[in-house]
file data-v3.txt (compact mmCIF, C-alpha atoms)
# COMPACT_ATOMS: atom_id res chain seq x y z
CA THR A 1 160.73 25.76 175.78
CA VAL A 2 157.50 27.17 177.15
CA GLU A 3 156.83 23.82 178.85
CA SER A 4 160.23 23.45 180.52
CA SER A 5 159.03 24.76 183.88
CA TRP A 6 156.07 22.36 183.80
CA THR A 7 158.33 19.45 182.87
CA ILE A 8 160.83 20.14 185.64
CA SER A 9 158.13 20.55 188.28
CA THR A 10 156.20 17.50 187.11
CA LEU A 11 159.18 15.15 187.11
CA SER A 12 160.12 16.23 190.63
CA CYS A 13 158.00 14.92 193.49
CA LEU A 14 159.36 17.71 195.65
CA LEU A 15 158.36 20.54 193.31
CA SER A 16 155.02 19.07 192.24
CA TRP A 17 153.64 17.66 195.50
CA LEU A 18 156.02 19.15 198.10
CA ASP A 19 156.81 15.57 199.06
CA ASP A 20 160.15 15.36 200.86
CA SER A 21 159.49 12.10 202.69
CA PHE A 22 161.97 10.03 200.66
CA THR A 23 164.78 8.59 202.76
CA SER A 24 166.74 6.53 200.20
CA ALA A 25 168.10 6.86 196.68
CA GLN A 26 166.03 3.81 195.68
CA ASN A 27 162.76 5.60 196.44
CA VAL A 28 163.83 8.83 194.76
CA ILE A 29 164.89 7.07 191.54
CA CYS A 30 161.82 4.82 191.41
CA HIS A 31 159.39 7.72 191.81
CA SER A 32 161.30 9.91 189.37
CA ILE A 33 161.25 7.19 186.70
CA ARG A 34 157.58 6.52 187.43
CA ARG A 35 156.72 10.17 186.82
CA SER A 36 158.83 10.26 183.65
CA LEU A 37 156.82 7.29 182.32
CA ILE A 38 153.44 8.83 183.14
CA PHE A 39 153.43 12.57 182.43
CA PRO A 40 155.79 13.64 179.59
CA TYR A 41 155.08 13.26 175.88
CA ILE A 42 158.03 10.85 175.39
CA ARG A 43 157.55 7.90 177.75
CA ASN A 44 160.32 5.35 177.42
CA PHE A 45 162.02 3.28 180.12
CA ASP A 46 165.47 3.31 178.48
CA PHE A 47 165.25 7.07 177.95
CA ALA A 48 164.31 7.52 181.62
CA LEU A 49 167.38 5.56 182.67
CA TYR A 50 169.50 7.68 180.32
CA CYS A 51 168.22 10.87 182.01
CA MET A 52 169.02 9.44 185.43
CA GLN A 53 172.52 8.61 184.20
CA GLN A 54 172.95 12.23 183.10
CA VAL A 55 171.91 13.38 186.58
CA LEU A 56 174.48 11.02 188.07
CA ASP A 57 177.20 12.43 185.79
CA ILE A 58 176.37 15.96 186.97
CA MET A 59 176.58 14.91 190.61
CA LYS A 60 179.92 13.19 190.04
CA GLN A 61 181.44 16.48 188.87
CA GLY A 62 180.92 18.00 192.28
CA ARG A 63 179.35 20.99 193.94
CA ARG A 64 180.08 23.58 191.24
CA CYS A 65 178.42 21.59 188.48
CA ILE A 66 175.38 20.96 190.69
CA LEU A 67 175.15 24.70 191.42
CA ARG A 68 175.29 25.55 187.71
CA SER A 69 172.48 23.09 187.04
CA LEU A 70 170.38 24.53 189.86
CA LEU A 71 170.96 28.03 188.51
CA GLN A 72 169.60 26.93 185.12
CA VAL A 73 166.58 25.37 186.82
CA ARG A 74 166.06 28.54 188.84
CA GLN A 75 166.15 30.69 185.72
CA ILE A 76 163.53 28.52 184.01
CA LEU A 77 161.20 28.43 187.00
CA GLU A 78 161.57 32.17 187.61
CA ARG A 79 159.98 32.94 184.21
CA SER A 80 156.90 30.86 185.03
CA GLU A 81 153.77 32.48 186.42
CA THR A 82 153.16 29.66 188.91
CA HIS A 83 156.27 27.49 189.23
CA TYR A 84 158.47 30.35 190.47
CA LEU A 85 157.33 29.40 193.96
CA GLY A 86 159.52 26.30 193.70
CA ASN A 87 162.53 28.63 193.78
CA LYS A 88 161.42 30.27 196.99
CA LEU A 89 160.63 26.99 198.72
CA PHE A 90 163.38 24.62 197.59
CA VAL A 91 165.84 25.72 194.88
CA ASP A 92 167.16 28.82 196.68
CA PRO A 93 167.60 27.00 200.03
CA TYR A 94 169.41 24.15 198.27
CA MET A 95 171.79 26.56 196.59
CA ALA A 96 172.48 28.34 199.87
CA TRP A 97 173.11 25.02 201.61
CA LEU A 98 175.56 23.92 198.91
CA GLN A 99 177.57 27.15 199.24
CA ARG A 100 177.64 27.56 203.01
CA PHE A 101 178.49 24.08 204.22
CA SER A 102 181.04 21.43 203.36
CA VAL A 103 178.88 18.90 201.53
CA ASP A 104 181.47 17.05 199.50
CA GLU A 105 181.22 13.93 201.66
CA ILE A 106 177.43 13.98 201.50
CA ILE A 107 177.51 14.33 197.73
CA SER A 108 179.95 11.43 197.45
CA THR A 109 177.67 9.23 199.57
CA VAL A 110 174.61 10.11 197.49
CA VAL A 111 176.51 9.48 194.26
CA SER A 112 177.54 6.02 195.46
CA GLU A 113 173.95 5.13 196.38
CA VAL A 114 172.49 6.43 193.10
CA GLU A 115 175.16 4.65 191.07
CA LEU A 116 174.44 1.38 192.84
CA VAL A 117 170.69 1.65 192.22
CA LEU A 118 171.12 2.59 188.55
CA ARG A 119 173.54 -0.27 188.00
CA GLU A 120 170.96 -2.68 189.40
CA PHE A 121 168.25 -1.18 187.18
CA ILE A 122 170.40 -1.62 184.09
CA ARG A 123 171.65 -5.09 185.03
CA ASN A 124 168.21 -6.49 185.82
CA THR A 125 165.71 -4.58 183.70
CA ALA A 126 162.78 -6.87 184.56
CA LEU A 127 163.29 -6.36 188.29
CA GLY A 128 163.65 -2.61 187.78
CA LYS A 129 160.40 -2.41 185.84
CA GLU A 130 158.63 -4.51 188.45
CA SER A 131 159.76 -2.17 191.24
CA LEU A 132 157.99 0.72 189.50
CA GLU A 133 154.60 -1.02 190.01
CA LEU A 134 153.32 0.09 186.59
CA LYS A 135 152.91 -3.41 185.07
CA LEU A 136 155.40 -2.54 182.35
CA GLU A 137 156.09 -6.21 181.61
CA ASP A 138 152.42 -6.82 180.80
CA ILE A 139 152.36 -3.76 178.57
CA ASP A 140 155.50 -4.90 176.74
CA ASN A 141 154.09 -8.42 176.26
CA GLN A 142 150.81 -7.03 174.94
CA PHE A 143 152.70 -4.75 172.54
CA ASP A 144 154.81 -7.67 171.29
CA THR A 145 151.66 -9.77 170.77
CA ASP A 146 149.91 -7.01 168.80
CA THR A 147 153.02 -6.43 166.70
CA SER A 148 153.36 -10.14 165.87
CA ASP A 149 149.67 -10.29 164.92
CA ASP A 150 150.09 -7.32 162.60
CA ASN A 151 153.15 -8.89 161.00
CA THR A 152 151.29 -12.19 160.52
CA THR A 153 148.39 -10.39 158.85
CA GLU A 154 150.75 -8.55 156.51
CA ASP A 155 152.55 -11.80 155.62
CA GLU A 156 149.26 -13.54 154.85
CA ALA A 157 148.19 -10.65 152.63
CA GLU A 158 151.50 -10.77 150.75
CA GLU A 159 151.22 -14.53 150.27
CA GLN A 160 147.69 -14.19 148.96
CA GLN A 161 148.81 -11.49 146.56
CA ASP A 162 151.67 -13.72 145.34
CA GLN A 163 149.24 -16.57 144.71
CA ASN A 164 146.84 -14.35 142.76
CA PRO A 165 149.06 -11.83 140.98
CA ASP A 166 146.41 -10.97 138.38
CA GLN A 167 143.77 -10.12 140.95
CA ASP A 168 144.85 -6.51 141.39
CA THR A 169 145.91 -6.03 137.78
CA GLN A 170 142.59 -6.99 136.20
CA GLU A 171 141.10 -4.05 134.39
CA LYS A 172 137.90 -2.85 135.94
CA PRO A 173 134.98 -2.11 133.61
CA ARG A 174 134.92 1.52 132.67
CA MET A 175 131.80 3.53 133.23
CA SER A 176 131.11 6.38 130.93
CA LEU A 177 129.01 9.41 131.59
CA LEU A 178 126.26 7.86 129.46
CA ASP A 179 125.92 4.91 131.86
CA CYS A 180 125.42 7.13 134.89
CA ASP A 181 121.94 7.68 136.22
CA ILE A 182 121.77 11.44 135.77
CA GLN A 183 118.47 13.27 136.14
CA THR A 184 118.14 15.43 133.05
CA ASP A 185 115.69 17.71 134.85
CA ASP A 186 118.57 19.16 136.87
CA LEU A 187 120.58 20.04 133.74
CA SER A 188 120.29 22.95 131.38
CA PRO A 189 118.13 22.39 128.26
CA THR A 190 121.13 22.31 125.91
CA ILE A 191 123.14 19.81 127.94
CA SER A 192 120.02 17.70 128.57
CA ALA A 193 119.27 17.48 124.83
CA ASP A 194 122.89 16.57 123.98
CA LEU A 195 122.93 13.88 126.65
CA THR A 196 119.67 12.37 125.39
CA VAL A 197 120.94 12.22 121.82
CA SER A 198 124.22 10.67 122.92
CA ARG A 199 122.40 7.99 124.87
CA GLN A 200 120.21 7.14 121.88
CA ASN A 201 123.24 6.87 119.60
CA SER A 202 125.07 4.73 122.13
CA SER A 203 122.16 2.31 122.52
CA SER A 204 121.78 1.97 118.73
CA ASN A 205 125.50 1.20 118.29
CA ARG A 206 125.76 -1.41 121.04
CA PRO A 207 124.42 -4.38 118.97
CA LEU A 208 126.99 -3.62 116.28
CA ILE A 209 129.75 -3.44 118.87
CA GLU A 210 128.67 -6.76 120.38
CA GLU A 211 128.75 -8.44 116.93
CA LEU A 212 132.28 -7.15 116.32
call {"tool": "encode", "arguments": {"input": "data-v3.txt", "output": "structure tokens"}}
result
Amino acid sequence: TVESSWTISTLSCLLSWLDDSFTSAQNVICHSIRRSLIFPYIRNFDFALYCMQQVLDIMKQGRRCILRSLLQVRQILERSETHYLGNKLFVDPYMAWLQRFSVDEIISTVVSEVELVLREFIRNTALGKESLELKLEDIDNQFDTDTSDDNTTEDEAEEQQDQNPDQDTQEKPRMSLLDCDIQTDDLSPTISADLTVSRQNSSSNRPLIEEL
């Protein structure tokens, strides 16, 4: 889409802030998940883990699959008016490095580290959320509390409706045009005269209606 280049650059610390100070897979994954829970429209912890699992699957398939993915990223960034600089600074050098040197052992080591970190995130979700330092547990608890309060309110309203079933079905008194407080000065002479006569007839018939 038109926002793909922004999304790719925003989720990457390297492309957004030129930050290449990460020395472990733990730091890379934590900061990537943090950014995926802050900036995009869809912010979900399970969905972030699913995206990281997809990245791991690409890396497991080796150098060719990684190159194809980088080529797709390069094509998207190249069409952007501002993010194309990420190609010049990082994507192109990465692709050249993957093709010129034997990096299979390095890729295997990185895959093992990423797989270990993701397994720990999935096995202990509370610890994984705590490591992000976003207070996700407090947000989840607050959401659960608000949801339970809403459900309690709806249950109380349903119980009250069951106890008074005729409350909503009682017929409300009808108001006719004659009962409305209409200023006859704002109406045309013909309509004003007809309305006055109708009101007089209605007031004269009301005692008879009350007797019946």
call {"tool": "atom_distance", "arguments": {"input": "data-v3.txt", "atom1": "CA of Leu18 (chain A)", "atom2": "CA of Ile106 (chain A)"}}
result
22.3 Å
call {"tool": "closest_atom_pairs", "arguments": {"input": "data-v3.txt", "of": "region 57-152 of chain A", "to": "region 2-5 of chain A", "cutoff": "7 Å", "atoms": "all atoms listed in the file", "output": "JSON lines"}}
result
{"residue": "A:Ile76", "atom": "CA", "partner": "A:Ser5", "partner_atom": "CA", "distance": 5.9}
{"residue": "A:Leu77", "atom": "CA", "partner": "A:Ser5", "partner_atom": "CA", "distance": 5.3}
{"residue": "A:Ser80", "atom": "CA", "partner": "A:Ser5", "partner_atom": "CA", "distance": 6.6}
{"residue": "A:His83", "atom": "CA", "partner": "A:Ser5", "partner_atom": "CA", "distance": 6.6}
call {"tool": "atom_distance", "arguments": {"input": "data-v3.txt", "atom1": "CA of His31 (chain A)", "atom2": "CA of Cys65 (chain A)"}}
result
23.8 Å
call {"tool": "residues_around", "arguments": {"input": "data-v3.txt", "residues": "Lys60 (chain A)", "least_positions_apart": "5", "cutoff": "10 Å", "atoms": "all atoms listed in the file", "output": "PyMOL selection string"}}
result
chain A and resi 54-55+65-66+107-108+110-112+115
call {"tool": "atom_distance", "arguments": {"input": "data-v3.txt", "atom1": "CA of Asp46 (chain A)", "atom2": "CA of Leu134 (chain A)"}}
result
15.0 Å
call {"tool": "residues_around", "arguments": {"input": "data-v3.txt", "residues": "Gln53 (chain A)", "least_positions_apart": "5", "cutoff": "10 Å", "atoms": "all atoms listed in the file", "output": "PyMOL selection string"}}
result
chain A and resi 47-48+58-59+114-115+118-119
call {"tool": "closest_residue", "arguments": {"input": "data-v3.txt", "among": "A:Gly86, A:Gly62, A:Gly128, A:Pro93", "to": "Trp17 (chain A)", "atoms": "all atoms listed in the file"}}
result
A:Gly86
call {"tool": "closest_residue", "arguments": {"input": "data-v3.txt", "among": "A:Leu132, A:Ala126, A:Leu116, A:Val103", "to": "Ser24 (chain A)", "atoms": "only C-alpha atoms"}}
result
A:Leu116
